[in-house]
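The next block is model.cif, given as mmCIF, C-alpha atoms and all ligand atoms.
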```
data_data
#
loop_
_atom_site.label_atom_id
_atom_site.label_comp_id
_atom_site.auth_asym_id
_atom_site.auth_seq_id
_atom_site.Cartn_x
_atom_site.Cartn_y
_atom_site.Cartn_z
CA MET D 1 13.77 -1.19 -5.57
CA THR D 2 10.50 -3.07 -5.06
CA LEU D 3 10.43 -6.52 -6.65
CA SER D 4 6.82 -7.49 -6.17
CA LEU D 5 3.64 -5.97 -4.87
CA ASP D 6 1.30 -7.44 -2.32
CA PHE D 7 -2.07 -5.94 -3.17
CA ARG D 8 -3.55 -7.26 0.08
CA GLN D 9 -1.18 -5.01 2.02
CA ALA D 10 -2.88 -1.90 0.65
CA GLU D 11 -3.44 0.79 3.26
CA PHE D 12 -5.48 3.94 3.13
CA LEU D 13 -3.26 7.03 3.02
CA THR D 14 -5.19 10.23 2.36
CA SER D 15 -8.42 11.64 1.07
CA ALA D 16 -7.58 14.80 -0.85
CA HIS D 17 -9.85 17.58 -2.01
CA THR D 18 -6.97 19.61 -3.45
CA LEU D 19 -3.68 18.62 -5.10
CA ALA D 20 -1.80 20.02 -2.12
CA GLN D 21 -3.46 17.44 0.12
CA LEU D 22 -2.18 14.50 -1.94
CA PRO D 23 0.75 12.40 -0.68
CA VAL D 24 4.17 13.82 -1.54
CA ASP D 25 4.72 13.54 -5.30
CA LYS D 26 7.52 10.96 -5.07
CA GLY D 27 7.70 7.34 -6.17
CA ARG D 28 5.01 5.96 -8.46
CA GLU D 29 1.26 5.83 -8.61
CA VAL D 30 -1.45 4.38 -10.84
CA ALA D 31 -4.81 6.17 -10.84
CA PHE D 32 -8.31 4.79 -11.45
CA ALA D 33 -10.42 7.13 -13.54
CA GLY D 34 -13.76 6.84 -15.31
CA ARG D 35 -17.38 7.67 -15.36
CA SER D 36 -19.27 7.79 -12.12
CA ASN D 37 -20.74 4.39 -11.18
CA SER D 38 -18.47 2.44 -13.56
CA GLY D 39 -17.04 0.59 -10.56
CA LYS D 40 -13.68 2.24 -9.81
CA SER D 41 -13.97 1.87 -6.03
CA SER D 42 -15.35 -1.68 -6.32
CA VAL D 43 -12.43 -2.73 -8.53
CA LEU D 44 -9.95 -1.25 -6.06
CA ASN D 45 -11.56 -3.12 -3.16
CA LEU D 46 -11.55 -6.38 -5.10
CA ILE D 47 -7.91 -6.32 -6.20
CA THR D 48 -6.75 -5.38 -2.70
CA ASP D 49 -9.09 -7.91 -1.11
CA HIS D 50 -10.44 -5.26 1.28
CA LYS D 51 -14.20 -4.93 1.21
CA GLY D 52 -14.37 -1.50 2.76
CA LEU D 53 -11.12 0.13 1.66
CA ALA D 54 -12.69 2.42 -0.94
CA ARG D 55 -16.30 3.43 -0.46
CA ILE D 56 -18.95 2.08 -2.79
CA SER D 57 -22.54 3.10 -3.19
CA ARG D 58 -25.58 2.58 -5.33
CA THR D 59 -25.68 6.36 -5.55
CA PRO D 60 -23.45 7.63 -8.36
CA GLY D 61 -21.03 10.35 -7.37
CA ARG D 62 -19.95 8.66 -4.16
CA THR D 63 -16.21 9.28 -4.49
CA ARG D 64 -15.79 13.04 -4.13
CA THR D 65 -12.15 13.15 -3.18
CA MET D 66 -8.92 11.70 -4.56
CA ASN D 67 -8.28 8.72 -2.30
CA SER D 68 -4.73 7.38 -2.13
CA PHE D 69 -3.72 3.92 -0.96
CA ALA D 70 -0.19 2.69 -0.27
CA LEU D 71 0.88 -0.62 -1.79
CA GLY D 72 4.39 -0.33 -0.47
CA GLU D 73 6.93 2.38 0.11
CA ALA D 74 6.25 5.25 -2.30
CA VAL D 75 3.98 3.06 -4.41
CA ARG D 76 0.32 4.03 -4.54
CA LEU D 77 -3.10 3.51 -6.10
CA VAL D 78 -5.41 6.50 -6.40
CA ASP D 79 -9.21 6.31 -6.64
CA LEU D 80 -10.40 9.42 -8.50
CA PRO D 81 -13.87 10.99 -8.38
CA GLY D 82 -16.04 9.84 -11.28
CA TYR D 83 -17.16 12.17 -14.04
CA GLY D 84 -20.33 12.45 -16.05
CA TYR D 85 -22.87 12.35 -13.28
CA ALA D 86 -25.47 14.97 -14.14
CA ARG D 87 -26.83 15.41 -10.64
CA VAL D 88 -23.57 16.62 -9.18
CA PRO D 89 -23.92 20.42 -8.79
CA LYS D 90 -22.37 22.37 -11.67
CA ASN D 91 -19.82 24.24 -9.56
CA LEU D 92 -18.58 20.98 -8.03
CA ARG D 93 -18.33 19.38 -11.49
CA GLU D 94 -16.33 22.33 -12.79
CA TYR D 95 -14.08 22.22 -9.75
CA TRP D 96 -13.33 18.52 -10.32
CA ASP D 97 -12.81 18.95 -14.07
CA LYS D 98 -10.18 21.56 -13.34
CA THR D 99 -8.61 19.62 -10.48
CA MET D 100 -8.44 16.39 -12.53
CA ASN D 101 -6.84 18.25 -15.44
CA ASN D 102 -4.25 19.66 -13.06
CA TYR D 103 -3.66 16.30 -11.43
CA LEU D 104 -3.16 14.51 -14.74
CA SER D 105 -0.92 17.14 -16.22
CA THR D 106 1.30 17.87 -13.22
CA ARG D 107 1.54 14.70 -11.17
CA GLU D 108 5.12 13.50 -11.65
CA SER D 109 4.65 10.16 -9.90
CA LEU D 110 1.71 9.17 -12.13
CA THR D 111 2.99 6.26 -14.25
CA GLY D 112 -0.24 4.77 -15.52
CA LEU D 113 -3.98 5.25 -15.70
CA VAL D 114 -6.67 2.59 -15.44
CA LEU D 115 -9.73 3.85 -17.31
CA ILE D 116 -12.76 2.00 -15.97
CA THR D 117 -15.93 1.75 -18.03
CA ASP D 118 -19.26 -0.03 -17.76
CA ILE D 119 -19.10 -2.48 -20.67
CA ARG D 120 -22.79 -1.90 -21.49
CA ARG D 121 -22.23 1.78 -22.22
CA GLU D 122 -20.39 3.37 -25.14
CA LEU D 123 -17.28 5.35 -24.25
CA CYS D 124 -18.43 8.86 -23.34
CA ASP D 125 -16.76 12.10 -24.51
CA SER D 126 -14.76 12.37 -21.29
CA ASP D 127 -13.50 8.77 -21.70
CA ARG D 128 -12.36 9.56 -25.24
CA LEU D 129 -10.74 12.83 -24.22
CA LEU D 130 -8.86 11.09 -21.46
CA LEU D 131 -7.68 8.36 -23.82
CA GLU D 132 -6.52 10.88 -26.41
CA TRP D 133 -4.80 12.96 -23.77
CA CYS D 134 -2.92 9.94 -22.37
CA GLN D 135 -1.74 9.04 -25.85
CA ALA D 136 -0.66 12.62 -26.53
CA VAL D 137 1.52 12.74 -23.40
CA ASP D 138 2.64 9.06 -23.58
CA LEU D 139 0.98 8.06 -20.35
CA PRO D 140 0.21 4.32 -20.48
CA VAL D 141 -3.51 3.64 -20.15
CA HIS D 142 -5.37 0.40 -19.48
CA VAL D 143 -9.07 0.28 -20.36
CA LEU D 144 -11.05 -1.95 -18.03
CA LEU D 145 -14.40 -3.04 -19.45
CA ASN D 146 -16.09 -3.67 -16.12
CA LYS D 147 -19.46 -5.30 -15.33
CA ALA D 148 -18.78 -7.98 -17.95
CA ASP D 149 -21.16 -10.17 -15.92
CA LYS D 150 -23.99 -8.08 -17.35
CA MET D 151 -23.31 -9.33 -20.89
CA SER D 152 -23.05 -12.67 -22.62
CA ARG D 153 -19.55 -13.98 -23.26
CA GLY D 154 -19.91 -13.46 -26.99
CA ALA D 155 -21.18 -9.90 -26.67
CA SER D 156 -18.48 -8.88 -24.18
CA HIS D 157 -15.74 -10.24 -26.45
CA GLY D 158 -17.32 -8.26 -29.28
CA VAL D 159 -16.97 -5.03 -27.28
CA LEU D 160 -13.40 -5.96 -26.34
CA GLN D 161 -12.43 -6.40 -30.00
CA LYS D 162 -14.15 -3.18 -30.99
CA ILE D 163 -12.30 -1.11 -28.37
CA LYS D 164 -9.02 -2.85 -29.24
CA LYS D 165 -9.46 -1.98 -32.91
CA GLY D 166 -10.37 1.60 -32.05
CA SER D 167 -7.22 2.18 -29.99
CA LYS D 168 -4.29 1.55 -32.25
CA SER D 169 -1.71 3.04 -29.94
CA ARG D 170 0.82 0.77 -28.28
CA GLU D 171 0.22 2.67 -25.05
CA VAL D 172 -3.40 1.49 -24.76
CA SER D 173 -4.39 -1.97 -23.57
CA VAL D 174 -7.89 -3.31 -22.93
CA GLN D 175 -9.37 -6.13 -20.86
CA LEU D 176 -12.67 -7.55 -19.62
CA PHE D 177 -13.40 -7.43 -15.90
CA SER D 178 -16.17 -8.28 -13.47
CA VAL D 179 -16.21 -7.38 -9.81
CA LEU D 180 -19.29 -9.55 -9.33
CA LYS D 181 -17.73 -12.66 -10.93
CA LYS D 182 -14.20 -11.78 -9.77
CA THR D 183 -12.80 -12.16 -13.27
CA GLY D 184 -9.81 -10.32 -14.72
CA ILE D 185 -8.03 -9.76 -11.39
CA ASP D 186 -4.65 -11.23 -12.34
CA GLU D 187 -4.51 -9.40 -15.67
CA LEU D 188 -5.23 -6.09 -13.96
CA ARG D 189 -2.80 -6.70 -11.09
CA ASN D 190 -0.09 -7.57 -13.62
CA TRP D 191 -0.66 -4.38 -15.60
CA ILE D 192 -0.57 -2.25 -12.46
CA THR D 193 2.53 -4.04 -11.16
CA ALA D 194 4.35 -3.49 -14.45
CA HIS D 195 3.60 0.23 -14.25
CA LEU D 196 4.39 0.70 -10.57
CA LEU D 197 7.62 -1.17 -10.24
CA ASP D 198 10.98 0.23 -11.04
CA ARG D 199 12.01 -1.79 -14.06
CA ARG D 200 15.54 -0.48 -14.28
N1 LIG X 1 -22.93 -6.21 -11.80
C1 LIG X 1 -21.85 -5.56 -11.45
N2 LIG X 1 -21.94 -4.46 -10.64
C2 LIG X 1 -20.81 -3.81 -10.32
C3 LIG X 1 -19.54 -4.21 -10.79
N3 LIG X 1 -18.62 -3.35 -10.32
C4 LIG X 1 -19.28 -2.43 -9.59
N4 LIG X 1 -20.61 -2.68 -9.57
C5 LIG X 1 -21.65 -1.90 -8.90
O1 LIG X 1 -21.68 -0.60 -9.49
C6 LIG X 1 -22.02 0.41 -8.52
C7 LIG X 1 -21.01 1.53 -8.52
O2 LIG X 1 -19.77 1.04 -8.04
P1 LIG X 1 -18.64 2.02 -7.45
O3 LIG X 1 -17.45 1.14 -7.22
O4 LIG X 1 -19.15 2.83 -6.33
O5 LIG X 1 -18.41 2.96 -8.72
P2 LIG X 1 -17.41 4.21 -8.86
O6 LIG X 1 -16.91 4.19 -10.26
O7 LIG X 1 -16.40 4.20 -7.78
O8 LIG X 1 -18.44 5.43 -8.69
P3 LIG X 1 -18.08 6.96 -8.26
O9 LIG X 1 -17.38 6.90 -6.96
O10 LIG X 1 -19.42 7.58 -8.22
O11 LIG X 1 -17.26 7.55 -9.36
C8 LIG X 1 -22.14 -0.34 -7.18
O12 LIG X 1 -23.49 -0.61 -6.94
C9 LIG X 1 -21.35 -1.62 -7.43
O13 LIG X 1 -21.77 -2.69 -6.62
C10 LIG X 1 -19.47 -5.40 -11.63
O14 LIG X 1 -18.42 -5.86 -12.11
N5 LIG X 1 -20.66 -6.01 -11.90
MG MG X 2 -15.93 5.57 -6.36
#
```
Mind turning the file's structure into structure tokens?
Amino acid sequence: MTLSLDFRQAEFLTSAHTLAQLPVDKGREVAFAGRSNSGKSSVLNLITDHKGLARISRTPGRTRTMNSFALGEAVRLVDLPGYGYARVPKNLREYWDKTMNNYLSTRESLTGLVLITDIRRELCDSDRLLLEWCQAVDLPVHVLLNKADKMSRGASHGVLQKIKKGSKSREVSVQLFSVLKKTGIDELRNWITAHLLDRR
């Protein structure tokens, strides 16, 4: 049984294009999902304190594989490809829609989902679908309102309250985050830790 997690010990495991290429479905993992360019890879790099662990780009659609990182024995973080980027070819988008659906509905070791959004943008249809789906199957989900540095304090707290009110389920939590300002790290690490560790 793992008692604590050292996020700085994160190590790259695999880059998977198909579910079969993922690490063995044992132990526990928390996945990072969200719209393309919302900052999933940047958040992962920040909380693990590794600048180049997950790849980041100004070009949306950078992460095109499911990238797994080990945080300890049989404990993983997974950076998922972003959705909603119009310039990704249609066949590739359809492939990832299907693959993500399969991943989310069959992955036994998945114990939590971090849904990353750009705080300046409304939740998109895919964000909402994902939230509803997680609630329907009782998968804990943590909404990360990223890029909070792009908004005033007052405005970002306004968005936080709005999303909190909109998600009445106990299984949904929400927080503000900024990769640029390095704010929200402990809250996110604590949520992930609580969902990765064996609490028996
Ligand atoms: N201002 C600001 N920019 C950020 C923040 N987080 C990420 N970015 C920038 O947003 C862009 C996209 O970041 P990525 O981490 O590549 O986003 P992603 O969600 O992994 O994108 P895909 O891999 O395409 O799904 C990069 O230019 C980042 O530097 C933040 O908190 N504040
Ligand atoms: Mg990415």
Between CA of Ser42 (chain D) and atom C3 of ligand LIG 1 (chain X) - distance in Å to one decimal
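Between atom C3 of ligand LIG 1 (chain X) and CA of Ser42 (chain D) the gap works out to 6.6 Å.
When all atoms listed in the file are used to measure the gap to ligand LIG 1 (chain X), the shortest distance among D:Glu73, D:Glu132, D:Asp149, D:Glu122 belongs to D:Asp149.
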Listed atoms of region 69-81 of chain D, axis-aligned box, 6 Å per side: centre and edge lengths to one decimal in Å, as lines of an AutoDock Vina configuration file?
```
center_x = -3.5
center_y = 5.2
center_z = -4.2
size_x = 32.8
size_y = 23.6
size_z = 20.6
```
Counting all atoms listed in the file, what are the residues, protein, DNA or RNA alike, that approach ligand MG 2 (chain X) to within 10 Å? I want them as a PyMOL selection string.
chain D and resi 32-44+54-57+59-67+79-82
Skip region 101-111 of chain D itself and residues of its chain fewer than 4 positions away, then list as a ChimeraX atom specification all residues within 7 Å of it, counting all atoms listed in the file.
/D:19,25-30,97,139,195-196
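Of note, atom C3 of ligand LIG 1 (chain X) and CA of Lys181 (chain D) are spaced 8.6 Å apart.
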Spatial neighbours of Val179 (chain D), max dist 8 Å, all atoms listed in the file, sep filter under 3 positions, as a PyMOL selection string:
chain D and resi 42-43+46+146-147+182-183
Using CA of Gly166 (chain D) and CA of Ala31 (chain D) as the two end points, give the distance in Å to one decimal.
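Result for CA of Gly166 (chain D) versus CA of Ala31 (chain D): 22.4 Å, one decimal.
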Residue nearest Arg120 (chain D) among D:Ser156, D:Trp96, D:Ala70, D:Val75 (counting only C-alpha atoms):
D:Ser156
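Taking all atoms listed in the file into account, ligand LIG 1 (chain X) lies nearest to D:Arg87 out of the set D:Lys98, D:Arg76, D:His142, D:Arg87.
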Could you check the closest approach to ligand LIG 1 (chain X) for each of D:Thr48, D:Gln161, D:Ser178, D:Ser173 and tell me which residue wins, using only C-alpha atoms and all ligand atoms?
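Ranking D:Thr48, D:Gln161, D:Ser178, D:Ser173 by distance to ligand LIG 1 (chain X), first place goes to D:Ser178.
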Would you mind telling me which residue in D:Ser4, D:Thr14, D:Thr117, D:Gln135 lies nearest to Ala194 (chain D) when using all atoms listed in the file?
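For Ala194 (chain D), the nearest of the given residues is D:Ser4.
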